Amino acid sequence: MNPGLRRALSRLSPPGLTPYLQAALLALVLVCFLLLPIIAIAVVSFFDYDSVHIIPSFILGNYHDVLFSEVTWNTYLSTLRFTAIVWSVTLVVGFWVAFYLAFEVRGKGTQLVLFLICTIPFLTSNIIRMISWVPFLGREGLLNTALLRLGLIHQPLEFLLFSDFAVVLADVHLYTLFMVTPIFNTMMRIDRRLIEAAVDGGARSWQIIANVILPLSKTGIAIGSIFVVTLVMGDFITVRLMSGGQSASVGLMIANQISLLQYPAACANAVVLLAVVLLMIAGILRIVDIRKEL
Amino acid sequence: MTTMSRRGVGRRGLLKTAGLATLGAAAGSGAITGFPTIWAQQIKNVTIRQFGTGVSNLNAIADKVKQDLGFTLQMTALDTDAVTQKAVTQPRSYDVADIEYFAIKKVFPTGVMQPMDTKRIKLFDKIVPIFTTGKLTPTSVVAQGTAPSTVAFVDGKAGTKFAPHPTEWATLIPTIYNADTLGIRPDLVGRPISHWKDLVDPAFKGKTAILAIPGIGIMDAAMVIESLGMMKYVDKGNMTKAEIDKTVAFLIETKKSGQFRAFWKSFDESVNLMASGEVVIQSMWSPAVAAVRSKGIACKYQPLAEGYRAWAGGLGLAKHLSGLELDAAYEYINWYLSGWAGAYLNRQGYYSAVLETAQKFMSPDEWGYWMEGKPAQADILSPEGKVMEKAGAVRDGGSFTERMGHVACWNSVMTEDRYMIQKWNEFIAA
């Protein structure tokens, strides 16, 4: 801020007010585009509805429908299962990719180039990345045709496409980079002298990874986990396209309700989903203090 | 756009006296010289915003409107669910809704649209009676589901309640409709298919699909259940809770047995499933069958003993529409029925609302193939000029009356809609 503006501002407001003014713009954006919509969703979740109208009122029926229906529980179980699987796979893959980039590759330039190569798939839309799996995995797709011709299988493998396997595969493909980036970032900040000290102290390489690098990468792992968990928990399009509509997810359940104009039911579902995801994030943050390392 | 409509309102009096109804046609035929040039100037600046499903939101139609009527038709194509949503939740974002009759059952009572004065629709009396009395021929029975005739009229100029009989106030003017059935890969099914129940034949385990649009998918399931003789519905398009329970239980059981390969929601998904051989028998839309065939892959739109599941769409006016825009919208709807658009849609395998005007824009051979079930004398071309069928081909299902005369039920919105979607989610989660 230039001195003139600063003087003008301080004349306008008592000195204590300046930081608030500085934060006001961001606060305004967050209030308008985050807080108000969420409040609207929460309010509508108590409304009644019929097949065309949303009827303003205060009923708990929508929450009753969500919480006491077996479908919800099954759907949450299925979504949590996807989340757990995708999280563990992206964690393992992400950790090793980041480890390789941070410790095995020499030279900042090479590291940067290789990291940018990791982001190349993100130059296309994620729907395209997802759909490209379809001709590859299909019954008469590239993989099945190749395996059949090689004589490795005699029947096409049906589980490859339109299955839970396909959903997990696409999710891992889509979200691993969200794990790689923060872990790579934290790893780059690890003081190399700590590793030298460990080597001098006689640690084997797996001991260095387990006792030095892994604990010091916790922040990155936590941030990556938050990304992956929230993305998979809220996803509906991957589940729909890759399972061929055969698997459920909470997001898909909400999408189905919205498509039939059942907004209050969808809102109640969204509020519950939001609560569940926030709890999961709170859990992650309890285990790892992400601010400590930033 | 906004400044335009303001000026339009101011000059409405003048325009009315100019005999507007005839003006559009005159402008189209190039006989504009004798008329006040103000109108001709103004109508060119009008933009009518239309939205609807990809089925009928065709650029060719917008281009022809510009050429014939002079104003701009701006089109947005969305999927079926999104159309209903947008119609209700963003009523000021469109002028003309291209919407299906079953959706209008939900949309019109919300008051976002205005009834149309049928006296201003020149060819209203020529519209196929399915949309007025509900009967294709005087002896036919109105099919189950949301039959268009039951939601085609309201009780008055400001009405939002449907009238059981034709009135002067129409909710939609029909433009496009068809009878849907199962699509099959004749080269892969290995036997004749003649009933809806063939969809759940264990021989096709893991090679079948149905629509994932709940309201339509559940009706395809109902057709299968009736075909199996498991249950008889009072109205497949308006099931009771008990009927929904049984239908969904059947779907879950079938899903768990591994009968379905996938559930599709969009046109191209259904084309890809069929063309790739992932699926050999599935619910399908007519142009999707044509799209598979155009890849050189055999695909048949198989008529079935139990009949068709039909759907229909039309054009409706947004409530906010007035003045010059409203006049232009009426012009556009009149133009739609006047033949060119009808012929265009008929050539894609749909049906048009006024048959005789469309016939004038089609060759006798085209008419014979598409509408009368006669073998094609020469190659049948798509509106874009691509060969769709070779000479000698006969349309699957035969003539207009054979197909539209065997409608078992119409796409619909059920009274137990809310319950149905809960159960459908259960099916997807199972």
# chains A, B, ... in the order shown; residues from 1 in each chain; ligands from 1
>>> interface_residues(of="chain A", to="chain B", cutoff="8 Å", atoms="only C-alpha atoms", output="PyMOL selection string")
chain A and resi 50-53+71+74-75+138-140+162+243-249+253+256-257+259-262
>>> write_last_selection(atoms="N, CA and C atoms", output="compact mmCIF listing (two decimals), in the first residue's frame")
# COMPACT_ATOMS: atom_id res chain seq x y z
N ASP A 50 -43.31 -30.95 -2.78
CA ASP A 50 -44.04 -31.99 -3.52
C ASP A 50 -43.36 -32.09 -4.87
N SER A 51 -44.01 -32.70 -5.86
CA SER A 51 -43.25 -32.97 -7.08
C SER A 51 -42.92 -31.72 -7.88
N VAL A 52 -43.54 -30.59 -7.60
CA VAL A 52 -43.19 -29.38 -8.32
C VAL A 52 -42.71 -28.24 -7.44
N HIS A 53 -43.27 -28.14 -6.25
CA HIS A 53 -43.01 -26.96 -5.43
C HIS A 53 -42.07 -27.27 -4.28
N VAL A 71 -31.03 -47.17 2.65
CA VAL A 71 -30.32 -46.76 1.43
C VAL A 71 -29.18 -45.81 1.76
N ASN A 74 -26.30 -47.70 3.34
CA ASN A 74 -25.58 -48.49 2.34
C ASN A 74 -24.77 -47.60 1.42
N THR A 75 -25.40 -46.46 1.03
CA THR A 75 -24.71 -45.56 0.12
C THR A 75 -23.47 -44.96 0.78
N GLY A 138 -13.09 -51.94 -22.11
CA GLY A 138 -14.34 -52.61 -22.50
C GLY A 138 -14.17 -54.08 -22.85
N ARG A 139 -15.32 -54.72 -23.01
CA ARG A 139 -15.30 -56.15 -23.34
C ARG A 139 -14.53 -56.39 -24.62
N GLU A 140 -14.72 -55.50 -25.59
CA GLU A 140 -13.94 -55.61 -26.82
C GLU A 140 -12.90 -54.51 -26.88
N PHE A 162 -17.29 -50.84 -16.04
CA PHE A 162 -18.61 -50.80 -15.43
C PHE A 162 -18.62 -51.64 -14.15
N SER A 243 -18.98 -46.91 -13.33
CA SER A 243 -19.70 -48.10 -12.88
C SER A 243 -20.84 -48.39 -13.85
N GLY A 244 -20.98 -47.58 -14.88
CA GLY A 244 -22.11 -47.75 -15.79
C GLY A 244 -23.42 -47.55 -15.06
N GLY A 245 -23.41 -46.68 -14.05
CA GLY A 245 -24.63 -46.42 -13.30
C GLY A 245 -24.99 -47.51 -12.32
N GLN A 246 -24.10 -48.48 -12.12
CA GLN A 246 -24.46 -49.62 -11.27
C GLN A 246 -24.09 -49.43 -9.81
N SER A 247 -23.18 -48.51 -9.52
CA SER A 247 -22.80 -48.29 -8.12
C SER A 247 -23.37 -46.97 -7.64
N ALA A 248 -23.49 -46.88 -6.32
CA ALA A 248 -24.04 -45.67 -5.75
C ALA A 248 -22.97 -44.86 -5.06
N SER A 249 -23.19 -43.57 -4.97
CA SER A 249 -22.37 -42.73 -4.10
C SER A 249 -23.30 -41.66 -3.56
N MET A 253 -26.62 -39.88 -5.28
CA MET A 253 -27.94 -39.86 -4.64
C MET A 253 -28.49 -38.43 -4.65
N ASN A 256 -29.46 -37.42 -8.19
CA ASN A 256 -30.75 -38.00 -8.56
C ASN A 256 -31.91 -37.20 -7.99
N GLN A 257 -31.75 -36.75 -6.75
CA GLN A 257 -32.83 -35.98 -6.13
C GLN A 257 -32.97 -34.62 -6.79
N SER A 259 -32.28 -33.88 -9.81
CA SER A 259 -32.84 -34.01 -11.15
C SER A 259 -34.35 -34.17 -11.09
N LEU A 260 -34.89 -34.59 -9.98
CA LEU A 260 -36.35 -34.67 -9.86
C LEU A 260 -36.91 -33.51 -9.05
N LEU A 261 -36.13 -32.44 -8.95
CA LEU A 261 -36.55 -31.21 -8.28
C LEU A 261 -36.83 -31.41 -6.81
N GLN A 262 -36.26 -32.46 -6.22
CA GLN A 262 -36.48 -32.67 -4.80
C GLN A 262 -35.38 -31.96 -4.01
>>> residues_around(residues="B:Ala62", least_positions_apart="2", cutoff="8 Å", atoms="only C-alpha atoms", output="ChimeraX atom specification")
/B:58-60,64-66,72-75
>>> residues_around(residues="stretch 26-43 of chain A", least_positions_apart="2", cutoff="10 Å", atoms="only C-alpha atoms", output="list of chain:residue names")
A:Tyr20, A:Leu21, A:Gln22, A:Ala23, A:Ala24, A:Ser45, A:Phe46, A:Phe47, A:Pro56, A:Ser57, A:Phe58, A:Tyr263, A:Pro264, A:Ala266, A:Cys267, A:Ala268, A:Asn269, A:Ala270, A:Val271, A:Val272, A:Leu274
>>> write_last_selection(atoms="C-alpha atoms", output="compact mmCIF listing (two decimals), in the first residue's frame")
# COMPACT_ATOMS: atom_id res chain seq x y z
CA TYR A 20 -10.26 -5.61 9.48
CA LEU A 21 -10.59 -3.49 6.38
CA GLN A 22 -7.75 -5.41 4.79
CA ALA A 23 -9.46 -8.70 5.50
CA ALA A 24 -12.86 -7.38 4.48
CA SER A 45 -33.14 -28.72 3.98
CA PHE A 46 -35.93 -28.05 6.47
CA PHE A 47 -38.48 -27.14 3.77
CA PRO A 56 -41.27 -23.09 2.98
CA SER A 57 -41.84 -24.60 6.41
CA PHE A 58 -39.87 -26.21 9.18
CA TYR A 263 -34.28 -29.86 -3.54
CA PRO A 264 -35.11 -30.10 0.18
CA ALA A 266 -31.02 -33.08 -1.71
CA CYS A 267 -30.17 -30.24 0.70
CA ALA A 268 -30.64 -32.44 3.75
CA ASN A 269 -28.40 -35.01 2.14
CA ALA A 270 -25.84 -32.34 1.32
CA VAL A 271 -25.83 -31.05 4.89
CA VAL A 272 -25.27 -34.56 6.23
CA LEU A 274 -20.89 -31.85 4.61
>>> select_by_dssp(residues="stretch 208-315 of chain B", states="alpha helix (DSSP H)", output="JSON list (two decimals) with C-alpha atoms, in the first residue's frame")
[["chain", "number", "residue", "atom", "x", "y", "z"],
["B", 214, "PRO", "CA", -35.67, -43.02, -13.04],
["B", 215, "GLY", "CA", -39.15, -42.10, -14.31],
["B", 216, "ILE", "CA", -38.50, -43.71, -17.68],
["B", 217, "GLY", "CA", -36.32, -46.60, -16.55],
["B", 218, "ILE", "CA", -38.95, -47.81, -14.11],
["B", 219, "MET", "CA", -41.51, -47.91, -16.89],
["B", 220, "ASP", "CA", -39.26, -50.02, -19.08],
["B", 221, "ALA", "CA", -38.98, -52.34, -16.08],
["B", 222, "ALA", "CA", -42.77, -52.35, -15.78],
["B", 223, "MET", "CA", -43.08, -53.33, -19.44],
["B", 224, "VAL", "CA", -40.73, -56.24, -18.74],
["B", 225, "ILE", "CA", -42.65, -57.32, -15.63],
["B", 226, "GLU", "CA", -45.98, -57.29, -17.44],
["B", 227, "SER", "CA", -44.43, -59.15, -20.32],
["B", 228, "LEU", "CA", -43.19, -61.84, -17.90],
["B", 241, "LYS", "CA", -46.50, -47.62, -3.67],
["B", 242, "ALA", "CA", -47.01, -51.39, -3.67],
["B", 243, "GLU", "CA", -46.41, -51.52, -7.42],
["B", 244, "ILE", "CA", -43.25, -49.43, -7.07],
["B", 245, "ASP", "CA", -42.02, -51.76, -4.31],
["B", 246, "LYS", "CA", -42.54, -54.83, -6.47],
["B", 247, "THR", "CA", -40.99, -53.23, -9.54],
["B", 248, "VAL", "CA", -37.89, -52.08, -7.67],
["B", 249, "ALA", "CA", -37.55, -55.44, -5.92],
["B", 250, "PHE", "CA", -37.58, -57.04, -9.36],
["B", 251, "LEU", "CA", -34.96, -54.59, -10.62],
["B", 252, "ILE", "CA", -32.71, -55.22, -7.62],
["B", 253, "GLU", "CA", -32.97, -58.97, -8.04],
["B", 254, "THR", "CA", -32.18, -58.66, -11.75],
["B", 255, "LYS", "CA", -29.26, -56.36, -11.05],
["B", 256, "LYS", "CA", -27.82, -58.70, -8.42],
["B", 267, "PHE", "CA", -27.82, -40.51, -25.96],
["B", 268, "ASP", "CA", -24.14, -41.08, -26.74],
["B", 269, "GLU", "CA", -23.71, -43.48, -23.83],
["B", 270, "SER", "CA", -26.40, -45.70, -25.33],
["B", 271, "VAL", "CA", -24.79, -45.50, -28.76],
["B", 272, "ASN", "CA", -21.38, -46.46, -27.40],
["B", 273, "LEU", "CA", -22.72, -49.35, -25.34],
["B", 274, "MET", "CA", -24.39, -50.80, -28.40],
["B", 275, "ALA", "CA", -21.70, -50.05, -30.97],
["B", 286, "SER", "CA", -34.65, -44.06, -32.36],
["B", 287, "PRO", "CA", -31.83, -41.73, -33.51],
["B", 288, "ALA", "CA", -29.39, -43.69, -31.32],
["B", 289, "VAL", "CA", -30.26, -46.78, -33.36],
["B", 290, "ALA", "CA", -29.62, -44.76, -36.52],
["B", 291, "ALA", "CA", -26.29, -43.58, -35.08],
["B", 292, "VAL", "CA", -25.17, -47.16, -34.43],
["B", 293, "ARG", "CA", -26.21, -48.17, -37.95],
["B", 294, "SER", "CA", -24.36, -45.24, -39.48]]
>>> closest_residue(among="A:Ile258, A:Leu214, A:Ala166, A:Ala84", to="A:Ile190", atoms="only C-alpha atoms")
A:Leu214
>>> atom_distance(atom1="atom CA of B:Ile99", atom2="atom CA of B:Ser140")
25.5 Å
>>> decode(residues="stretch 51-194 of chain B", atoms="C-alpha atoms", output="short mmCIF file (atom, residue, chain, number, x, y, z; two decimals), in the first residue's frame")
data_model
loop_
_atom_site.label_atom_id
_atom_site.label_comp_id
_atom_site.auth_asym_id
_atom_site.auth_seq_id
_atom_site.Cartn_x
_atom_site.Cartn_y
_atom_site.Cartn_z
CA PHE B 51 -33.86 -24.42 -24.56
CA GLY B 52 -34.66 -28.10 -24.57
CA THR B 53 -33.20 -31.52 -25.06
CA GLY B 54 -30.65 -32.20 -27.79
CA VAL B 55 -33.33 -34.08 -29.71
CA SER B 56 -34.94 -31.07 -31.31
CA ASN B 57 -32.58 -28.18 -30.54
CA LEU B 58 -31.05 -28.35 -33.96
CA ASN B 59 -28.95 -25.65 -35.56
CA ALA B 60 -30.57 -26.36 -38.91
CA ILE B 61 -33.88 -25.20 -37.46
CA ALA B 62 -32.39 -21.99 -36.07
CA ASP B 63 -30.76 -21.24 -39.44
CA LYS B 64 -34.03 -21.80 -41.28
CA VAL B 65 -35.93 -19.59 -38.82
CA LYS B 66 -33.45 -16.79 -39.44
CA GLN B 67 -33.91 -17.24 -43.18
CA ASP B 68 -37.72 -17.58 -43.17
CA LEU B 69 -38.78 -15.32 -40.32
CA GLY B 70 -35.85 -12.97 -39.96
CA PHE B 71 -35.30 -13.19 -36.24
CA THR B 72 -32.70 -15.06 -34.25
CA LEU B 73 -33.46 -18.28 -32.46
CA GLN B 74 -30.88 -18.99 -29.81
CA MET B 75 -30.81 -22.61 -28.68
CA THR B 76 -29.46 -24.36 -25.63
CA ALA B 77 -29.48 -28.15 -25.44
CA LEU B 78 -29.64 -29.84 -22.03
CA ASP B 79 -30.48 -33.31 -20.78
CA THR B 80 -34.03 -34.28 -19.88
CA ASP B 81 -33.71 -33.69 -16.13
CA ALA B 82 -31.90 -30.39 -16.56
CA VAL B 83 -34.67 -29.10 -18.84
CA THR B 84 -37.29 -29.49 -16.12
CA GLN B 85 -34.98 -27.92 -13.58
CA LYS B 86 -34.15 -24.90 -15.68
CA ALA B 87 -37.77 -24.39 -16.69
CA VAL B 88 -38.86 -24.14 -13.06
CA THR B 89 -35.88 -22.52 -11.40
CA GLN B 90 -34.75 -20.01 -14.05
CA PRO B 91 -37.97 -18.89 -15.72
CA ARG B 92 -36.49 -15.61 -16.96
CA SER B 93 -33.58 -17.29 -18.70
CA TYR B 94 -35.67 -18.47 -21.64
CA ASP B 95 -38.47 -17.30 -23.90
CA VAL B 96 -39.56 -20.58 -25.41
CA ALA B 97 -39.28 -23.94 -23.68
CA ASP B 98 -38.91 -26.99 -25.84
CA ILE B 99 -40.08 -29.46 -23.29
CA GLU B 100 -41.65 -32.89 -22.96
CA TYR B 101 -45.29 -33.37 -22.02
CA PHE B 102 -44.50 -35.41 -18.94
CA ALA B 103 -42.22 -32.62 -17.72
CA ILE B 104 -44.88 -29.99 -18.37
CA LYS B 105 -47.03 -31.84 -15.85
CA LYS B 106 -44.51 -30.70 -13.24
CA VAL B 107 -43.56 -27.37 -14.74
CA PHE B 108 -46.86 -25.76 -15.69
CA PRO B 109 -48.49 -25.79 -12.23
CA THR B 110 -45.55 -23.75 -10.90
CA GLY B 111 -46.80 -20.81 -12.97
CA VAL B 112 -43.57 -20.07 -14.83
CA MET B 113 -45.22 -20.38 -18.24
CA GLN B 114 -48.18 -18.81 -19.99
CA PRO B 115 -50.94 -20.68 -21.80
CA MET B 116 -51.04 -20.30 -25.56
CA ASP B 117 -54.06 -18.94 -27.37
CA THR B 118 -54.97 -21.74 -29.78
CA LYS B 119 -56.79 -19.23 -32.01
CA ARG B 120 -53.39 -17.79 -32.88
CA ILE B 121 -52.14 -21.21 -34.01
CA LYS B 122 -53.19 -21.37 -37.63
CA LEU B 123 -52.89 -25.12 -38.10
CA PHE B 124 -54.23 -26.03 -34.69
CA ASP B 125 -57.08 -28.07 -36.17
CA LYS B 126 -54.65 -30.11 -38.24
CA ILE B 127 -52.60 -31.29 -35.27
CA VAL B 128 -52.59 -35.08 -34.83
CA PRO B 129 -55.47 -35.85 -32.43
CA ILE B 130 -53.15 -37.65 -29.99
CA PHE B 131 -52.48 -34.17 -28.63
CA THR B 132 -56.04 -32.94 -28.45
CA THR B 133 -58.55 -35.70 -27.85
CA GLY B 134 -55.83 -38.25 -27.03
CA LYS B 135 -57.13 -40.68 -29.62
CA LEU B 136 -55.15 -41.40 -32.76
CA THR B 137 -58.27 -42.80 -34.40
CA PRO B 138 -61.80 -42.40 -33.02
CA THR B 139 -61.72 -45.97 -31.72
CA SER B 140 -58.30 -45.98 -30.07
CA VAL B 141 -57.82 -46.05 -26.31
CA VAL B 142 -55.77 -43.40 -24.51
CA ALA B 143 -52.59 -45.14 -23.38
CA GLN B 144 -51.30 -45.27 -19.79
CA GLY B 145 -48.90 -42.74 -18.31
CA THR B 146 -48.90 -38.98 -18.81
CA ALA B 147 -50.74 -39.00 -22.16
CA PRO B 148 -50.10 -35.61 -23.84
CA SER B 149 -53.82 -34.88 -24.16
CA THR B 150 -54.17 -34.92 -20.36
CA VAL B 151 -51.72 -32.07 -19.85
CA ALA B 152 -52.14 -30.22 -23.14
CA PHE B 153 -54.72 -27.66 -21.98
CA VAL B 154 -55.44 -25.46 -18.99
CA ASP B 155 -58.71 -23.97 -17.81
CA GLY B 156 -58.11 -20.33 -18.74
CA LYS B 157 -55.84 -17.56 -19.89
CA ALA B 158 -54.06 -17.39 -16.54
CA GLY B 159 -54.74 -20.99 -15.65
CA THR B 160 -52.25 -23.38 -14.14
CA LYS B 161 -54.69 -26.29 -13.70
CA PHE B 162 -54.92 -28.86 -16.46
CA ALA B 163 -58.24 -29.21 -18.23
CA PRO B 164 -59.40 -32.75 -19.04
CA HIS B 165 -60.77 -31.64 -22.43
CA PRO B 166 -59.42 -29.38 -25.16
CA THR B 167 -59.86 -25.68 -24.35
CA GLU B 168 -58.69 -22.51 -26.05
CA TRP B 169 -55.58 -22.43 -23.87
CA ALA B 170 -52.79 -24.85 -24.67
CA THR B 171 -49.79 -25.54 -22.45
CA LEU B 172 -47.62 -26.71 -25.31
CA ILE B 173 -47.94 -26.91 -29.05
CA PRO B 174 -46.60 -30.35 -30.00
CA THR B 175 -43.62 -30.51 -32.31
CA ILE B 176 -42.01 -33.89 -31.97
CA TYR B 177 -42.85 -37.34 -30.67
CA ASN B 178 -41.99 -40.96 -31.11
CA ALA B 179 -42.60 -44.50 -29.94
CA ASP B 180 -39.67 -46.07 -28.11
CA THR B 181 -38.80 -49.72 -27.83
CA LEU B 182 -35.74 -51.92 -27.33
CA GLY B 183 -32.76 -51.69 -29.60
CA ILE B 184 -30.98 -54.94 -30.43
CA ARG B 185 -27.83 -56.11 -32.16
CA PRO B 186 -29.40 -58.67 -34.53
CA ASP B 187 -25.94 -60.10 -35.26
CA LEU B 188 -25.25 -60.80 -31.57
CA VAL B 189 -28.59 -61.77 -30.00
CA GLY B 190 -28.74 -64.96 -32.05
CA ARG B 191 -32.51 -65.38 -31.91
CA PRO B 192 -35.65 -63.44 -32.77
CA ILE B 193 -36.65 -60.87 -30.14
CA SER B 194 -40.36 -60.23 -29.79
#
